[in-house]
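Source file structure-v4.csv; content: CSV, C-alpha atoms.
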```csv
chain,number,residue,atom,x,y,z
P,1407,MET,CA,55.2,-20.2,-50.5
P,1408,ARG,CA,54.3,-20.8,-54.1
P,1409,ARG,CA,51.5,-23.1,-53.2
P,1410,LEU,CA,50.1,-20.6,-50.9
P,1411,ARG,CA,49.9,-18.0,-53.6
P,1412,ARG,CA,48.2,-20.4,-56.0
P,1413,ARG,CA,45.6,-21.2,-53.4
P,1414,ARG,CA,44.9,-17.6,-52.7
P,1415,GLY,CA,44.5,-16.9,-56.4
P,1416,ARG,CA,41.8,-19.6,-56.7
P,1417,GLU,CA,39.8,-19.1,-53.5
P,1418,GLY,CA,37.0,-17.0,-55.0
P,1419,ALA,CA,36.8,-18.9,-58.3
P,1420,ALA,CA,33.9,-21.1,-57.2
P,1421,ALA,CA,31.9,-18.1,-56.1
P,1422,VAL,CA,32.5,-16.3,-59.3
P,1423,GLU,CA,31.6,-19.4,-61.4
P,1424,PHE,CA,28.4,-19.9,-59.5
P,1425,ALA,CA,27.5,-16.2,-59.9
P,1426,LEU,CA,27.9,-16.6,-63.7
P,1427,ILE,CA,25.6,-19.6,-64.0
P,1428,ALA,CA,23.1,-18.9,-61.1
P,1429,ILE,CA,20.7,-16.8,-63.0
P,1430,PRO,CA,20.3,-19.1,-66.1
P,1431,PHE,CA,20.2,-22.1,-63.8
P,1432,PHE,CA,17.4,-20.8,-61.6
P,1433,ALA,CA,15.5,-19.5,-64.6
P,1434,MET,CA,15.6,-23.0,-66.1
P,1435,ILE,CA,14.5,-24.6,-62.8
P,1436,PHE,CA,11.6,-22.1,-62.4
P,1437,SER,CA,10.6,-22.7,-66.1
P,1438,ILE,CA,10.5,-26.5,-65.5
P,1439,LEU,CA,8.4,-26.0,-62.4
P,1440,GLU,CA,6.0,-23.7,-64.2
P,1441,LEU,CA,5.7,-26.0,-67.1
P,1442,GLY,CA,4.9,-28.8,-64.7
P,1443,LEU,CA,2.2,-26.6,-63.2
P,1444,ILE,CA,0.7,-26.0,-66.6
P,1445,PHE,CA,0.6,-29.8,-67.3
P,1446,VAL,CA,-1.2,-30.3,-64.0
P,1447,LEU,CA,-3.6,-27.5,-64.7
P,1448,ASP,CA,-4.3,-29.0,-68.2
P,1449,SER,CA,-5.1,-32.3,-66.6
P,1450,VAL,CA,-7.4,-30.8,-64.0
P,1451,LEU,CA,-9.2,-28.7,-66.6
P,1452,GLU,CA,-9.8,-31.8,-68.8
P,1453,THR,CA,-11.2,-33.8,-65.9
P,1454,ALA,CA,-13.4,-30.9,-64.8
P,1455,THR,CA,-14.7,-30.5,-68.3
P,1456,MET,CA,-15.6,-34.2,-68.6
P,1457,GLU,CA,-17.2,-34.3,-65.2
P,1458,SER,CA,-19.3,-31.1,-65.9
P,1459,GLY,CA,-20.2,-32.4,-69.3
P,1460,ARG,CA,-21.6,-35.5,-67.6
P,1461,LEU,CA,-24.3,-33.3,-66.0
P,1462,ILE,CA,-25.5,-32.4,-69.5
P,1463,ARG,CA,-25.2,-35.9,-70.8
P,1464,THR,CA,-27.3,-37.4,-68.0
P,1465,GLY,CA,-30.0,-34.6,-68.2
P,1466,GLN,CA,-29.2,-33.2,-64.7
P,1467,ALA,CA,-28.2,-29.8,-66.1
P,1468,GLN,CA,-31.4,-29.6,-68.2
P,1469,ALA,CA,-33.6,-30.6,-65.2
P,1470,GLN,CA,-31.9,-27.9,-63.0
P,1471,GLY,CA,-32.2,-25.2,-65.7
P,1472,PHE,CA,-28.5,-24.6,-66.3
P,1473,ASP,CA,-27.4,-21.6,-68.2
P,1474,LYS,CA,-23.8,-20.6,-69.2
P,1475,ALA,CA,-23.0,-19.0,-65.8
P,1476,ARG,CA,-24.3,-22.0,-63.8
P,1477,PHE,CA,-22.4,-24.5,-66.0
P,1478,LYS,CA,-19.2,-22.4,-65.6
P,1479,THR,CA,-19.7,-22.4,-61.8
P,1480,GLU,CA,-20.1,-26.2,-61.8
P,1481,LEU,CA,-16.9,-26.5,-64.0
P,1482,CYS,CA,-15.0,-24.1,-61.6
P,1483,ASN,CA,-16.1,-26.0,-58.5
P,1484,ARG,CA,-14.4,-29.1,-60.0
P,1485,MET,CA,-11.1,-27.3,-60.6
P,1486,GLY,CA,-9.9,-27.9,-57.1
P,1487,LEU,CA,-6.7,-25.9,-56.4
P,1488,PHE,CA,-7.3,-23.7,-59.4
P,1489,ALA,CA,-11.0,-22.9,-58.6
P,1490,SER,CA,-10.3,-19.4,-57.2
P,1491,ASP,CA,-9.5,-17.7,-60.5
P,1492,CYS,CA,-11.5,-20.0,-62.7
P,1493,THR,CA,-14.5,-17.7,-63.3
P,1494,ASP,CA,-12.3,-14.9,-64.6
P,1495,ARG,CA,-10.0,-17.2,-66.7
P,1496,ALA,CA,-12.4,-19.8,-68.2
P,1497,THR,CA,-14.5,-19.4,-71.3
P,1498,ILE,CA,-17.1,-22.1,-72.1
P,1499,ASP,CA,-19.0,-23.0,-75.2
P,1500,VAL,CA,-21.6,-25.7,-75.1
P,1501,GLN,CA,-23.5,-26.4,-78.3
P,1502,VAL,CA,-25.5,-29.1,-80.1
P,1503,ILE,CA,-23.8,-30.4,-83.2
P,1504,PRO,CA,-25.3,-32.2,-86.1
P,1505,GLN,CA,-22.6,-34.9,-86.3
P,1506,PHE,CA,-19.3,-35.8,-84.6
P,1507,ALA,CA,-17.2,-34.6,-87.6
P,1508,VAL,CA,-18.1,-30.9,-87.4
P,1509,ARG,CA,-15.8,-28.3,-88.9
P,1510,ASN,CA,-15.5,-24.6,-88.5
P,1511,LEU,CA,-17.1,-24.2,-85.1
P,1512,GLY,CA,-15.6,-20.8,-84.6
P,1513,ASN,CA,-12.9,-19.6,-82.1
P,1514,PRO,CA,-13.8,-17.1,-79.4
P,1515,ILE,CA,-10.1,-16.2,-79.0
P,1516,ILE,CA,-9.5,-12.9,-80.8
P,1517,ASN,CA,-6.3,-10.9,-80.5
P,1518,GLY,CA,-5.1,-12.8,-77.5
P,1519,THR,CA,-8.3,-12.4,-75.5
P,1520,ALA,CA,-11.4,-14.6,-75.1
P,1521,ASN,CA,-14.7,-13.1,-76.3
P,1522,PRO,CA,-17.5,-14.7,-74.4
P,1523,ASN,CA,-20.0,-13.1,-76.8
P,1524,LEU,CA,-18.9,-15.6,-79.4
P,1525,THR,CA,-19.8,-18.6,-77.2
P,1526,ALA,CA,-23.2,-20.2,-76.3
P,1527,TYR,CA,-24.8,-22.6,-74.0
P,1528,ASN,CA,-27.2,-25.2,-75.4
P,1529,GLY,CA,-27.2,-28.6,-73.6
P,1530,GLY,CA,-29.7,-30.0,-76.1
P,1531,GLY,CA,-32.3,-32.6,-75.3
P,1532,PRO,CA,-32.4,-36.4,-75.1
P,1533,ASN,CA,-30.1,-38.1,-77.7
P,1534,SER,CA,-28.6,-34.8,-78.9
P,1535,LEU,CA,-25.0,-34.7,-79.9
P,1536,VAL,CA,-23.3,-32.1,-77.7
P,1537,LEU,CA,-19.9,-30.5,-77.8
P,1538,VAL,CA,-18.4,-28.8,-74.7
P,1539,ARG,CA,-15.3,-26.7,-75.2
P,1540,VAL,CA,-13.4,-24.8,-72.5
P,1541,TRP,CA,-10.6,-22.3,-72.9
P,1542,TYR,CA,-8.6,-21.3,-69.9
P,1543,ALA,CA,-6.2,-18.3,-69.9
P,1544,HIS,CA,-3.3,-19.0,-67.5
P,1545,PRO,CA,-0.7,-16.1,-67.0
P,1546,LEU,CA,2.9,-17.1,-67.2
P,1547,ILE,CA,5.6,-15.8,-64.8
P,1548,THR,CA,8.8,-17.2,-66.1
P,1549,PRO,CA,10.2,-15.0,-68.9
P,1550,PHE,CA,11.6,-18.0,-70.9
P,1551,LEU,CA,8.2,-19.6,-71.0
P,1552,THR,CA,6.4,-16.3,-71.8
P,1553,GLN,CA,8.5,-16.0,-75.0
P,1554,SER,CA,8.4,-19.7,-76.1
P,1555,VAL,CA,4.9,-20.9,-75.0
P,1556,SER,CA,2.6,-17.9,-75.2
P,1557,ARG,CA,1.5,-17.5,-78.8
P,1558,MET,CA,-1.0,-14.9,-77.8
P,1559,GLY,CA,1.6,-12.2,-77.2
P,1560,ASN,CA,0.1,-11.2,-73.8
P,1561,GLY,CA,2.1,-13.4,-71.5
P,1562,LYS,CA,-0.7,-16.0,-71.2
P,1563,VAL,CA,-1.1,-19.5,-72.4
P,1564,PHE,CA,-4.5,-20.6,-73.5
P,1565,LEU,CA,-5.3,-24.2,-72.5
P,1566,THR,CA,-8.2,-25.7,-74.3
P,1567,THR,CA,-10.1,-28.9,-73.8
P,1568,ALA,CA,-13.2,-30.4,-75.4
P,1569,THR,CA,-15.5,-33.3,-75.0
P,1570,ALA,CA,-18.2,-34.5,-77.4
P,1571,PHE,CA,-21.0,-37.0,-76.5
P,1572,ARG,CA,-24.5,-38.1,-77.2
P,1573,ASN,CA,-27.0,-37.3,-74.4
P,1574,GLU,CA,-28.7,-40.2,-72.8
P,1575,ALA,CA,-32.4,-40.8,-73.3
P,1576,PHE,CA,-33.3,-38.9,-70.2
P,1577,PRO,CA,-36.9,-37.6,-69.8
P,1578,SER,CA,-37.4,-34.1,-71.2
P,1579,PRO,CA,-38.1,-31.6,-68.5
P,1580,SER,CA,-41.7,-30.7,-68.7
P,1581,PRO,CA,-42.6,-27.0,-69.1
P,1582,PRO,CA,-44.4,-25.5,-66.1
P,1583,GLY,CA,-48.1,-25.9,-66.6
P,1584,PRO,CA,-50.9,-23.8,-65.3
P,1585,SER,CA,-51.3,-24.0,-61.6
P,1586,SER,CA,-54.5,-25.4,-60.2
```
Take the structure in this file and express it as structure tokens.
Amino acid sequence: MRRLRRRRGREGAAAVEFALIAIPFFAMIFSILELGLIFVLDSVLETATMESGRLIRTGQAQAQGFDKARFKTELCNRMGLFASDCTDRATIDVQVIPQFAVRNLGNPIINGTANPNLTAYNGGGPNSLVLVRVWYAHPLITPFLTQSVSRMGNGKVFLTTATAFRNEAFPSPSPPGPSS
């Protein structure tokens, strides 16, 4: 009879213990999954930036008359799974630099938001040194990551990537001449 009473007293213990640890356990699991997604997004963003920058480096962007919007479209087309929200979340800056060791280029992130008015698009000409920078605002869902990763205070993490290169010696696009 005593054994029966002990068993009855412990029957719900596992359910109660699981209820106590379930919320922190699932929050940790979702945080790990979201952090993994951020790492994948960062890798995709870096690859898309390098591939899009290649269009400038080889002169294809200059020949096709790219501007900031067209370059952003090309970048977003290379984002694969993340392409749907890319145009709203990405901020690009393409500029010619005098040397590779340039300091104080400016930051378009002010008070947790990207200001595209502080960016430019200049792909340069043949043999120009070009710097391509991209910022991507990704919203966070998991409260734990929102508090620890988001330094902007708005529940977003800003991923940034940059690539610098010297343009190839491509032929300069000739300006349109008078028609005959």
Report the distance between CA of Phe1564 (chain P) and CA of Ala1543 (chain P) in Å, rounded to one decimal place.
->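 The value is 4.6 Å.
Each of P:Pro1430, P:Gly1418, P:Gly1530, P:Gly1465 was checked against Phe1550 (chain P) using all atoms listed in the file; the smallest atom-to-atom distance is that of P:Pro1430.
For the residues P:Ser1490, P:Asn1573, P:Gln1505, P:Thr1567, ranking by smallest atom-to-atom distance to Met1456 (chain P) using only C-alpha atoms places P:Thr1567 first.
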Report the distance between CA of Asn1560 (chain P) and CA of Thr1548 (chain P) in Å, rounded to one decimal place.
->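 So the two atoms, CA of Asn1560 (chain P) and CA of Thr1548 (chain P), lie 13.1 Å apart.
Between CA of Phe1571 (chain P) and CA of Arg1463 (chain P) lies a distance of 7.2 Å.
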Residues at most 9 Å from Lys1478 (chain P), counting all atoms listed in the file, excluding those fewer than 2 positions away in the same chain, as a count of residues only?
-> 14
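Proximity to Ala1507 (chain P) was assessed for P:Leu1535, P:Thr1464, P:Leu1443, P:Gly1459 counting all atoms listed in the file; the smallest distance is recorded for P:Leu1535.
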